[in-house]
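Visitor: The file below is structure-v8.csv, CSV, C-alpha atoms:
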chain,number,residue,atom,x,y,z
A,1192,MET,CA,215.8,94.4,122.3
A,1193,ARG,CA,212.9,92.5,123.7
A,1194,ALA,CA,214.8,89.2,123.4
A,1195,THR,CA,217.8,90.6,125.1
A,1196,VAL,CA,215.8,91.9,128.1
A,1197,THR,CA,214.0,88.5,128.3
A,1198,TRP,CA,217.2,86.5,128.5
A,1199,THR,CA,218.8,88.9,130.9
A,1200,THR,CA,215.8,88.7,133.2
A,1201,LEU,CA,215.9,84.9,133.1
A,1202,VAL,CA,219.5,84.8,134.1
A,1203,LEU,CA,218.9,87.1,137.0
A,1204,ILE,CA,215.9,85.0,138.2
A,1205,LEU,CA,218.0,81.8,138.0
A,1206,ALA,CA,220.9,83.4,139.9
A,1207,THR,CA,218.5,84.7,142.6
A,1208,CYS,CA,216.9,81.2,143.0
A,1209,ALA,CA,220.3,79.4,143.1
A,1210,GLN,CA,221.5,81.5,146.1
A,1211,PRO,CA,218.8,80.2,148.6
A,1212,MET,CA,219.1,76.7,147.2
A,1213,ALA,CA,222.8,76.8,148.0
A,1214,GLN,CA,222.0,78.1,151.4
A,1215,VAL,CA,219.6,75.2,152.2
A,1216,ARG,CA,221.9,72.5,150.9
A,1217,ARG,CA,222.2,70.0,153.8
A,1218,LYS,CA,225.7,69.8,155.3
A,1219,SER,CA,227.4,66.5,155.8
A,1220,LEU,CA,227.8,65.2,159.4
A,1221,ALA,CA,231.5,66.1,159.2
A,1222,GLU,CA,230.6,69.7,158.5
A,1223,MET,CA,228.1,70.1,161.3
A,1224,ASN,CA,229.0,71.7,164.6
A,1225,THR,CA,227.6,70.5,168.0
A,1226,GLU,CA,224.6,72.7,168.0
A,1227,GLU,CA,223.6,71.7,164.4
A,1228,LEU,CA,224.0,68.0,165.3
A,1229,ARG,CA,221.7,68.5,168.4
A,1230,GLU,CA,219.1,70.3,166.2
A,1231,ALA,CA,219.3,67.2,163.9
A,1232,LYS,CA,218.2,65.1,166.9
A,1233,PHE,CA,221.6,63.4,167.4
A,1234,GLU,CA,222.3,62.2,171.0
A,1235,TRP,CA,225.5,61.6,172.9
A,1236,GLU,CA,226.2,58.8,175.3
A,1237,SER,CA,226.4,59.9,178.9
A,1238,ARG,CA,229.5,57.8,179.6
A,1239,SER,CA,232.7,59.9,179.8
A,1240,ALA,CA,236.1,58.7,178.7
A,1241,PHE,CA,238.3,57.4,181.4
A,1242,GLN,CA,241.7,55.8,181.5
A,1243,GLY,CA,242.2,52.5,183.2
A,1244,SER,CA,244.4,52.2,186.3
A,1245,ALA,CA,245.9,49.6,188.5
A,1246,THR,CA,244.1,51.2,191.5
A,1247,ALA,CA,240.7,50.8,189.8
A,1248,GLY,CA,241.6,47.2,188.9
A,1249,ALA,CA,242.6,46.4,192.5
A,1250,ILE,CA,239.3,47.9,193.8
A,1251,ALA,CA,237.4,45.8,191.2
A,1252,ALA,CA,239.2,42.7,192.2
A,1253,GLY,CA,239.0,43.2,196.0
A,1254,PRO,CA,235.8,45.0,197.2
A,1255,GLY,CA,234.4,44.5,193.7
A,1256,LEU,CA,234.1,40.8,194.3
A,1257,VAL,CA,231.4,41.5,196.9
A,1258,PHE,CA,229.9,44.6,195.2
A,1259,HIS,CA,230.4,44.4,191.4
A,1260,GLY,CA,231.0,47.6,189.6
A,1261,PHE,CA,233.2,49.2,192.3
A,1262,GLY,CA,236.1,49.6,189.8
A,1263,HIS,CA,233.9,51.5,187.4
A,1264,PHE,CA,232.3,53.6,190.1
A,1265,TYR,CA,235.9,54.6,191.1
A,1266,SER,CA,236.8,55.4,187.5
A,1267,GLY,CA,233.7,57.6,187.0
A,1268,ASP,CA,231.6,55.2,184.9
A,1269,ALA,CA,228.7,54.9,187.2
A,1270,GLU,CA,226.3,53.7,184.5
A,1271,THR,CA,228.4,50.6,183.9
A,1272,GLY,CA,228.8,50.2,187.7
A,1273,TRP,CA,225.1,50.0,188.3
A,1274,ASP,CA,224.6,47.6,185.4
A,1275,LEU,CA,227.3,45.3,186.9
A,1276,LEU,CA,225.7,45.5,190.3
A,1277,LEU,CA,222.3,44.5,188.8
A,1278,GLY,CA,223.9,41.6,187.0
A,1279,GLU,CA,225.4,40.4,190.3
A,1280,GLY,CA,222.0,40.4,192.0
A,1281,ILE,CA,220.5,38.3,189.2
A,1282,GLY,CA,223.4,35.9,189.4
A,1283,LEU,CA,223.2,35.5,193.1
A,1284,ALA,CA,219.4,35.0,192.9
A,1285,LEU,CA,219.9,32.2,190.4
A,1286,GLY,CA,222.6,30.6,192.5
A,1287,LEU,CA,220.4,30.6,195.5
A,1288,VAL,CA,217.5,29.0,193.5
A,1289,GLY,CA,219.9,26.3,192.3
A,1290,TYR,CA,221.2,25.6,195.8
A,1291,VAL,CA,217.6,25.3,197.2
A,1292,ILE,CA,216.7,22.8,194.4
A,1293,VAL,CA,219.9,20.7,195.0
A,1294,ALA,CA,219.3,20.7,198.8
A,1295,ALA,CA,215.7,19.6,198.4
A,1296,SER,CA,216.3,16.8,195.9
A,1297,ASP,CA,218.0,13.4,195.8
A,1298,GLU,CA,221.5,13.4,194.4
A,1299,SER,CA,220.5,10.9,191.7
A,1300,SER,CA,217.4,12.7,190.6
A,1301,THR,CA,216.8,14.8,187.5
A,1302,PHE,CA,215.9,17.8,189.8
A,1303,ASN,CA,219.4,17.6,191.2
A,1304,ASP,CA,220.8,18.2,187.8
A,1305,VAL,CA,218.4,21.0,187.1
A,1306,GLY,CA,219.5,22.7,190.4
A,1307,VAL,CA,223.2,22.3,189.5
A,1308,GLY,CA,222.5,23.8,186.0
A,1309,VAL,CA,220.6,26.8,187.4
A,1310,GLY,CA,223.4,27.3,189.9
A,1311,HIS,CA,226.1,27.2,187.2
A,1312,LEU,CA,224.1,29.8,185.2
A,1313,GLY,CA,224.0,32.1,188.2
A,1314,GLY,CA,227.7,31.5,188.7
A,1315,THR,CA,228.4,32.5,185.1
A,1316,LEU,CA,226.6,35.8,185.6
A,1317,PHE,CA,228.4,36.4,188.8
A,1318,ALA,CA,231.9,35.6,187.4
A,1319,THR,CA,231.3,37.5,184.2
A,1320,GLY,CA,230.3,40.7,186.0
A,1321,TRP,CA,233.4,40.5,188.2
A,1322,PHE,CA,235.7,39.9,185.3
A,1323,ILE,CA,234.1,42.7,183.3
A,1324,ASP,CA,234.7,45.1,186.3
A,1325,ILE,CA,238.3,44.1,186.6
A,1326,ILE,CA,239.1,44.2,182.9
A,1327,GLY,CA,237.3,47.4,182.2
A,1328,SER,CA,238.8,49.2,185.2
A,1329,LEU,CA,242.3,48.1,184.3
A,1330,GLN,CA,242.1,49.0,180.6
A,1331,GLY,CA,239.6,51.9,180.6
A,1332,ASN,CA,237.5,52.8,177.6
A,1333,GLN,CA,240.4,54.3,175.7
A,1334,SER,CA,242.3,51.0,175.2
A,1335,GLU,CA,243.6,50.5,171.7
A,1336,LEU,CA,244.1,46.7,172.1
A,1337,PRO,CA,242.3,44.7,169.4
A,1338,ALA,CA,239.7,42.1,170.4
A,1339,PRO,CA,241.0,38.6,170.9
A,1340,SER,CA,240.4,36.6,167.7
A,1341,LEU,CA,238.7,33.3,168.0
A,1342,ARG,CA,240.3,32.4,164.8
A,1343,ARG,CA,238.4,30.5,162.1
A,1344,VAL,CA,240.9,28.9,159.8
A,1345,PRO,CA,240.0,26.2,157.2
A,1346,GLY,CA,242.5,23.8,158.7
A,1347,GLU,CA,244.6,23.7,161.9
A,1348,ALA,CA,246.7,21.0,163.7
A,1349,THR,CA,247.3,21.0,167.4
A,1350,GLY,CA,249.7,18.9,169.5
A,1351,ARG,CA,249.8,19.1,173.3
A,1352,TYR,CA,251.6,17.4,176.2
A,1353,ARG,CA,249.6,17.2,179.5
A,1354,PHE,CA,250.7,16.1,182.9
A,1355,LEU,CA,248.0,14.9,185.3
A,1356,ARG,CA,248.0,14.1,189.0
A,1357,THR,CA,244.9,13.0,190.8
A,1358,ASP,CA,243.8,10.5,193.5
A,1359,ASN,CA,243.5,7.9,190.7
A,1360,PHE,CA,246.8,8.7,188.9
A,1361,ASP,CA,250.0,9.6,190.7
A,1362,ALA,CA,251.6,10.7,187.5
A,1363,PHE,CA,249.8,10.5,184.2
A,1364,HIS,CA,251.6,11.7,181.0
A,1365,LEU,CA,249.2,12.4,178.1
A,1366,ILE,CA,249.8,13.3,174.5
A,1367,GLU,CA,247.0,15.0,172.6
A,1368,ALA,CA,246.6,15.5,168.9
A,1369,GLU,CA,243.7,17.4,167.3
A,1370,LEU,CA,242.7,18.6,163.8
A,1371,MET,CA,240.2,21.4,163.1
A,1372,PHE,CA,238.4,21.8,159.8
A,1373,ASP,CA,236.2,24.9,159.8
A,1374,PHE,CA,233.8,25.4,156.9
A,1375,GLY,CA,232.0,28.4,158.4
A,1376,VAL,CA,228.6,27.1,159.3
A,1377,VAL,CA,229.9,23.5,159.9
A,1378,TYR,CA,233.1,22.4,161.6
A,1379,LEU,CA,234.8,19.1,162.4
A,1380,ARG,CA,237.4,18.5,165.1
A,1381,PRO,CA,238.8,14.9,165.3
A,1382,ARG,CA,241.2,14.2,168.1
A,1383,THR,CA,243.0,11.5,170.1
A,1384,LEU,CA,244.4,11.4,173.6
A,1385,GLN,CA,247.1,8.8,174.5
A,1386,ASP,CA,248.8,7.9,177.7
A,1387,ALA,CA,252.6,7.9,177.2
A,1388,LEU,CA,252.7,4.3,178.6
A,1389,LEU,CA,249.6,3.3,176.4
A,1390,ASN,CA,247.6,2.4,179.5
A,1391,TYR,CA,244.9,4.7,178.3
A,1392,GLN,CA,243.7,5.7,174.8
A,1393,GLU,CA,240.9,7.9,173.7
A,1394,TYR,CA,239.6,8.6,170.2
A,1395,GLY,CA,236.8,11.0,169.3
A,1396,GLY,CA,235.8,14.3,167.9
A,1397,ASP,CA,233.2,17.1,167.6
A,1398,PHE,CA,230.8,18.0,164.9
A,1399,GLY,CA,229.4,21.5,165.1
A,1400,LEU,CA,226.7,23.5,163.4
A,1401,ARG,CA,226.6,27.3,163.8
A,1402,VAL,CA,222.9,28.0,163.6
A,1403,VAL,CA,223.1,31.7,164.5
A,1404,GLU,CA,225.9,34.1,163.7
A,1405,GLY,CA,226.3,37.7,164.8
A,1406,VAL,CA,228.0,40.8,163.3
A,1407,ASP,CA,231.4,39.1,163.4
A,1408,GLN,CA,233.1,35.7,164.0
A,1409,ARG,CA,233.1,36.2,167.8
A,1410,ASP,CA,229.3,36.1,168.0
A,1411,TYR,CA,227.6,32.8,167.3
A,1412,LEU,CA,225.4,30.1,168.7
A,1413,ALA,CA,226.4,26.6,167.7
A,1414,LEU,CA,225.0,23.1,168.3
A,1415,GLU,CA,227.7,20.5,168.9
A,1416,LEU,CA,227.8,16.7,169.0
A,1417,GLU,CA,230.8,15.2,170.7
A,1418,VAL,CA,231.6,11.4,170.7
A,1419,ASP,CA,234.5,9.8,172.5
A,1420,TRP,CA,235.6,6.2,172.9
A,1421,ALA,CA,238.2,5.2,175.5
A,1422,ASN,CA,240.2,2.1,176.2
A,1423,PHE,CA,241.8,1.4,179.6
A,1424,ARG,CA,244.5,-1.3,179.6
A,1425,PRO,CA,244.8,-3.7,182.5
A,1426,ASP,CA,247.9,-1.9,183.9
A,1427,SER,CA,245.8,1.3,184.3
A,1428,GLY,CA,243.9,-0.3,187.2
A,1429,ALA,CA,240.7,1.2,186.0
A,1430,GLN,CA,239.0,-1.8,184.4
A,1431,VAL,CA,235.7,-2.8,186.0
A,1432,LEU,CA,234.0,-6.3,186.3
A,1433,SER,CA,230.2,-6.0,185.7
A,1434,GLU,CA,227.7,-8.1,187.6
A,1435,SER,CA,227.5,-10.5,184.7
A,1436,GLY,CA,231.2,-11.0,184.7
A,1437,ARG,CA,232.0,-8.8,181.7
A,1438,ILE,CA,235.1,-6.7,181.8
A,1439,MET,CA,234.3,-3.1,181.2
A,1440,ALA,CA,237.3,-1.1,179.9
A,1441,ASN,CA,235.9,0.9,177.0
A,1442,PRO,CA,233.5,3.7,178.0
A,1443,LEU,CA,231.6,5.3,175.1
A,1444,ARG,CA,230.5,8.9,175.7
A,1445,VAL,CA,228.2,11.1,173.7
A,1446,ASP,CA,227.7,14.8,174.5
A,1447,LEU,CA,225.0,17.1,173.0
A,1448,SER,CA,225.6,20.8,173.8
A,1449,VAL,CA,224.9,24.4,172.9
A,1450,ASP,CA,227.9,26.7,172.4
A,1451,VAL,CA,227.3,30.4,172.7
A,1452,SER,CA,230.1,33.0,172.1
A,1453,LEU,CA,229.6,36.7,172.7
A,1454,ASP,CA,231.8,39.8,172.3
A,1455,LEU,CA,231.5,41.4,175.7
A,1456,SER,CA,231.2,44.9,174.1
A,1457,THR,CA,227.6,43.8,173.5
A,1458,PHE,CA,227.0,44.5,177.2
A,1459,VAL,CA,229.7,47.1,177.9
A,1460,ASN,CA,230.7,49.3,175.0
A,1461,HIS,CA,234.4,49.8,175.9
A,1462,LEU,CA,235.1,46.0,176.3
A,1463,LYS,CA,236.2,45.4,172.7
A,1464,HIS,CA,239.1,43.2,173.9
A,1465,ALA,CA,237.1,40.5,175.7
A,1466,VAL,CA,235.1,37.5,174.4
A,1467,GLN,CA,233.0,35.1,176.5
A,1468,ARG,CA,232.0,31.5,175.6
A,1469,VAL,CA,229.4,29.4,177.5
A,1470,VAL,CA,228.8,25.7,176.7
A,1471,PHE,CA,225.8,23.9,178.2
A,1472,GLY,CA,224.9,20.3,177.4
A,1473,ILE,CA,224.0,16.8,178.5
A,1474,GLY,CA,225.9,13.6,178.1
A,1475,PHE,CA,225.1,9.9,178.1
A,1476,GLY,CA,227.1,6.8,177.3
A,1477,ARG,CA,227.7,3.1,177.6
A,1478,ASP,CA,230.0,1.4,180.1
A,1479,VAL,CA,230.5,4.6,182.0
A,1480,GLY,CA,231.1,4.8,185.8
A,1481,ALA,CA,230.2,7.1,188.6
A,1482,ARG,CA,232.3,9.6,186.7
A,1483,SER,CA,232.0,9.1,182.9
A,1484,PHE,CA,235.8,9.3,182.4
A,1485,PHE,CA,236.1,5.8,183.9
A,1486,PRO,CA,234.3,2.6,183.0
A,1487,GLY,CA,231.3,1.3,185.0
A,1488,GLU,CA,227.6,0.3,184.8
A,1489,ARG,CA,225.9,3.7,185.3
A,1490,GLU,CA,223.0,4.5,182.9
A,1491,LYS,CA,222.1,8.0,184.2
A,1492,THR,CA,222.8,11.1,182.0
A,1493,TRP,CA,225.2,13.8,183.2
A,1494,LEU,CA,225.5,17.6,182.9
A,1495,HIS,CA,228.2,19.3,180.9
A,1496,TYR,CA,229.0,22.9,181.5
A,1497,GLU,CA,231.9,25.2,180.4
A,1498,HIS,CA,232.6,28.9,180.9
A,1499,HIS,CA,235.5,30.5,178.9
A,1500,LEU,CA,236.7,34.1,178.9
A,1501,TYR,CA,239.3,35.4,176.3
A,1502,VAL,CA,241.0,38.7,177.2
A,1503,ASN,CA,243.8,40.4,175.3
A,1504,ILE,CA,246.6,41.5,177.7
A,1505,GLY,CA,249.0,42.4,174.9
A,1506,ARG,CA,249.3,42.5,171.1
A,1507,ASP,CA,250.2,38.8,170.9
A,1508,LEU,CA,249.0,37.5,174.3
A,1509,VAL,CA,245.5,36.3,175.2
A,1510,LEU,CA,244.6,35.2,178.7
A,1511,HIS,CA,242.0,32.5,178.8
A,1512,PRO,CA,240.5,31.7,182.3
A,1513,PHE,CA,237.9,28.9,182.3
A,1514,TYR,CA,235.7,26.8,184.4
A,1515,GLU,CA,234.5,23.2,183.4
A,1516,PHE,CA,232.0,20.9,185.0
A,1517,ASN,CA,232.4,17.8,182.8
A,1518,GLU,CA,232.5,14.2,184.0
A,1519,SER,CA,234.7,13.2,181.0
A,1520,ASN,CA,237.4,15.6,182.0
A,1521,PRO,CA,240.5,13.7,183.2
A,1522,VAL,CA,240.8,16.0,186.2
A,1523,GLU,CA,238.2,15.2,188.9
A,1524,PRO,CA,235.8,17.9,189.9
A,1525,ILE,CA,236.1,19.5,193.3
A,1526,SER,CA,232.7,18.1,194.3
A,1527,ASN,CA,229.5,16.7,192.8
A,1528,SER,CA,228.3,20.3,192.1
A,1529,LEU,CA,231.6,22.2,191.6
A,1530,GLY,CA,234.0,21.5,188.7
A,1531,VAL,CA,237.5,22.5,187.6
A,1532,PHE,CA,239.1,25.9,187.5
A,1533,GLY,CA,241.9,26.8,185.1
A,1534,THR,CA,243.6,29.3,182.9
A,1535,VAL,CA,245.4,29.2,179.5
A,1536,LEU,CA,248.0,31.7,178.2
A,1537,HIS,CA,247.9,31.9,174.3
A,1538,ILE,CA,251.0,33.3,172.7
A,1539,VAL,CA,251.1,34.2,169.0
A,1540,PRO,CA,254.8,34.5,168.0
A,1541,ARG,CA,253.9,34.8,164.3
A,1542,LYS,CA,250.8,34.6,162.1
A,1543,GLY,CA,249.5,31.0,161.8
A,1544,LEU,CA,251.3,29.7,164.9
A,1545,THR,CA,250.0,29.7,168.5
A,1546,LEU,CA,251.6,28.4,171.7
A,1547,ASP,CA,249.6,27.7,174.8
A,1548,LEU,CA,250.4,27.1,178.4
A,1549,SER,CA,247.7,26.0,180.9
A,1550,VAL,CA,247.0,24.8,184.4
A,1551,ALA,CA,243.7,23.4,185.8
A,1552,VAL,CA,242.8,22.6,189.4
A,1553,GLY,CA,240.0,20.4,190.8
A,1554,ASN,CA,240.4,17.3,192.9
A,1555,GLY,CA,243.8,17.1,191.3
A,1556,VAL,CA,245.9,19.2,189.0
A,1557,THR,CA,246.9,19.2,185.4
A,1558,THR,CA,249.4,21.3,183.5
A,1559,ALA,CA,249.8,21.4,179.7
A,1560,ALA,CA,251.8,22.9,176.9
A,1561,GLY,CA,250.8,22.9,173.3
A,1562,ILE,CA,251.3,24.3,169.8
A,1563,SER,CA,248.8,25.0,167.0
A,1564,TYR,CA,249.8,25.5,163.4
A,1565,ARG,CA,247.6,26.7,160.6
A,1566,MET,CA,247.8,24.1,157.8
A,1567,PHE,CA,245.8,26.0,155.2
Could you rewrite the structure in this file as structure tokens?
Guide:
Amino acid sequence: MRATVTWTTLVLILATCAQPMAQVRRKSLAEMNTEELREAKFEWESRSAFQGSATAGAIAAGPGLVFHGFGHFYSGDAETGWDLLLGEGIGLALGLVGYVIVAASDESSTFNDVGVGVGHLGGTLFATGWFIDIIGSLQGNQSELPAPSLRRVPGEATGRYRFLRTDNFDAFHLIEAELMFDFGVVYLRPRTLQDALLNYQEYGGDFGLRVVEGVDQRDYLALELEVDWANFRPDSGAQVLSESGRIMANPLRVDLSVDVSLDLSTFVNHLKHAVQRVVFGIGFGRDVGARSFFPGEREKTWLHYEHHLYVNIGRDLVLHPFYEFNESNPVEPISNSLGVFGTVLHIVPRKGLTLDLSVAVGNGVTTAAGISYRMF
């Protein structure tokens, strides 16, 4: 009888203890209600959901050019609006500093290049803020479009036809061919550029090293070495006779640059469909002229700057506006401190195949059409 009572008592004690243990079992996040989540110290972002609209996009593109963030203020996202307005102020301040340096220095001095570089950095912040306001206002923070993919494929081949018209070339027909071999951290991109009449030929390529990578393939910092060798035939009219009597027709250009790519959702949470790339570097060469695309006797280095934005505007369409300040570009810059503006439309009709249509305007204009095919 004593054993029976003992076992019965033990069972009752265990049952009594199990009940409060079950009650204190911690719920999963999915099982918690709002009050329980608040008690657990979870916080909510203050931004409210908003749908994009053409009206908000027009406001961002118009008045928002002067006061960044107007489109987001109109849509009810004041927090992003204030962030964009602050970014605009910083960009304008840098642009002003760059202008003062350029105005106070000689055009051939290093300080002039420093001023141009600072001005371009300010211009990048200004343009990025404006684009962010337009894109975010048009698409809202409920867009289901995927982020544009800066595809990394082991091997890709690209062919492109380019028409060029500048003060130096009435009509220049160029054929480009490029290969891309991407091994993750290291990539190689050999290429050639040929005039249809063979009056101009260019051979070169890039060697890149991604020294820093982010959470996905769209975030990285790469160091890049670019080498190009060009040949101007006599019929091109671009050959130069040096003071020693040597014919200079083969400029050799070397470019060292830093390439930074960022998913813009790093700055604005709902911009998961926009990627920005900024390239900044210096170039030097042999037998290069006042503009390094042409032959000459200049020894001074030059500044290389690019700003690219990739925005999904459809499931298989990526809009790619860009700005380049690069002396080796066939299109002449607008001035000594203002480069070339352009845009590319990337079309992906099927996996592994990309078509692109582009136009760029500086002191001249170029249009191009190309196709890229994934080899492996």
Visitor: Would you list the contacts of Val1418 (chain A) as an NGL selection string, taking every protein, DNA or RNA residue within 8 Å and counting only C-alpha atoms, but skipping same-chain residues closer than 2 positions in sequence?
Guide: :A and (1395-1397 or 1416 or 1420 or 1443-1446)
Visitor: Using all atoms listed in the file, pick whichever of A:Leu1455, A:Met1371, A:Leu1275, A:Val1293 has the shortest atom-to-atom distance to Gly1320 (chain A).
Guide: A:Leu1275
Visitor: Check the smallest atom-to-atom distance from each of A:Phe1322, A:Tyr1391, A:Tyr1564, A:Phe1317 to Pro1512 (chain A) using all atoms listed in the file, then report the winner.
Guide: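 Closest to Pro1512 (chain A), using all atoms listed in the file: A:Phe1322.
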Visitor: Do a neighbour search on region 1309-1311 of chain A at 9 Å with only C-alpha atoms, toss out local chain neighbours closer than 5 positions, and write the hits as a PDB file with C-alpha atoms, in the coordinates of the input.
Guide:
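That gives us part09.pdb:
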ATOM      1  CA  GLY A1282     223.400  35.900 189.400  1.00  0.00           C
ATOM      2  CA  LEU A1283     223.200  35.500 193.100  1.00  0.00           C
ATOM      3  CA  LEU A1285     219.900  32.200 190.400  1.00  0.00           C
ATOM      4  CA  GLY A1286     222.600  30.600 192.500  1.00  0.00           C
ATOM      5  CA  LEU A1287     220.400  30.600 195.500  1.00  0.00           C
ATOM      6  CA  VAL A1288     217.500  29.000 193.500  1.00  0.00           C
ATOM      7  CA  GLY A1289     219.900  26.300 192.300  1.00  0.00           C
ATOM      8  CA  TYR A1290     221.200  25.600 195.800  1.00  0.00           C
ATOM      9  CA  ILE A1292     216.700  22.800 194.400  1.00  0.00           C
ATOM     10  CA  ASP A1304     220.800  18.200 187.800  1.00  0.00           C
ATOM     11  CA  LEU A1316     226.600  35.800 185.600  1.00  0.00           C
ATOM     12  CA  TYR A1496     229.000  22.900 181.500  1.00  0.00           C
ATOM     13  CA  PHE A1516     232.000  20.900 185.000  1.00  0.00           C
ATOM     14  CA  SER A1528     228.300  20.300 192.100  1.00  0.00           C
ATOM     15  CA  LEU A1529     231.600  22.200 191.600  1.00  0.00           C
TER      16      LEU A1529
END
Visitor: Using all atoms listed in the file, can you tell me which of A:Ala1252, A:Leu1462, A:Leu1447, A:Val1344 comes closest to Trp1493 (chain A)?
Guide: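 Smallest separation from Trp1493 (chain A) among the options: A:Leu1447.
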Visitor: Would you output region 1391-1434 of chain A from that structure, restricted to C-alpha atoms, as an mmCIF file, in the first residue's frame?
Guide:
data_model
loop_
_atom_site.group_PDB
_atom_site.id
_atom_site.type_symbol
_atom_site.label_atom_id
_atom_site.label_comp_id
_atom_site.auth_asym_id
_atom_site.auth_seq_id
_atom_site.Cartn_x
_atom_site.Cartn_y
_atom_site.Cartn_z
ATOM 1 C CA TYR A 1391 41.330 52.033 -87.217
ATOM 2 C CA GLN A 1392 42.038 48.933 -85.145
ATOM 3 C CA GLU A 1393 42.140 48.488 -81.397
ATOM 4 C CA TYR A 1394 43.145 45.486 -79.304
ATOM 5 C CA GLY A 1395 43.088 45.220 -75.549
ATOM 6 C CA GLY A 1396 41.342 43.922 -72.490
ATOM 7 C CA ASP A 1397 40.692 44.149 -68.771
ATOM 8 C CA PHE A 1398 42.028 42.189 -65.846
ATOM 9 C CA GLY A 1399 39.936 42.537 -62.695
ATOM 10 C CA LEU A 1400 40.275 41.458 -59.084
ATOM 11 C CA ARG A 1401 37.244 41.634 -56.764
ATOM 12 C CA VAL A 1402 38.901 42.391 -53.443
ATOM 13 C CA VAL A 1403 35.661 42.956 -51.483
ATOM 14 C CA GLU A 1404 32.315 41.217 -51.988
ATOM 15 C CA GLY A 1405 28.975 41.934 -50.333
ATOM 16 C CA VAL A 1406 25.991 39.755 -49.514
ATOM 17 C CA ASP A 1407 25.277 39.024 -53.177
ATOM 18 C CA GLN A 1408 26.880 39.359 -56.609
ATOM 19 C CA ARG A 1409 25.620 42.919 -57.058
ATOM 20 C CA ASP A 1410 27.788 44.250 -54.211
ATOM 21 C CA TYR A 1411 31.539 44.299 -54.754
ATOM 22 C CA LEU A 1412 34.668 46.417 -54.973
ATOM 23 C CA ALA A 1413 37.090 45.486 -57.735
ATOM 24 C CA LEU A 1414 40.505 46.683 -58.850
ATOM 25 C CA GLU A 1415 40.864 46.721 -62.626
ATOM 26 C CA LEU A 1416 43.752 47.037 -65.066
ATOM 27 C CA GLU A 1417 42.851 47.981 -68.643
ATOM 28 C CA VAL A 1418 45.338 47.947 -71.531
ATOM 29 C CA ASP A 1419 44.535 49.056 -75.103
ATOM 30 C CA TRP A 1420 46.719 49.341 -78.194
ATOM 31 C CA ALA A 1421 45.380 51.180 -81.260
ATOM 32 C CA ASN A 1422 46.495 51.490 -84.857
ATOM 33 C CA PHE A 1423 45.463 54.404 -87.105
ATOM 34 C CA ARG A 1424 45.982 53.793 -90.820
ATOM 35 C CA PRO A 1425 47.055 56.702 -93.083
ATOM 36 C CA ASP A 1426 43.570 56.995 -94.605
ATOM 37 C CA SER A 1427 42.122 57.789 -91.171
ATOM 38 C CA GLY A 1428 43.814 61.200 -91.172
ATOM 39 C CA ALA A 1429 44.712 60.806 -87.484
ATOM 40 C CA GLN A 1430 48.433 60.049 -87.773
ATOM 41 C CA VAL A 1431 50.769 62.586 -86.152
ATOM 42 C CA LEU A 1432 54.357 63.534 -86.987
ATOM 43 C CA SER A 1433 56.470 64.053 -83.855
ATOM 44 C CA GLU A 1434 59.122 66.755 -83.469
#
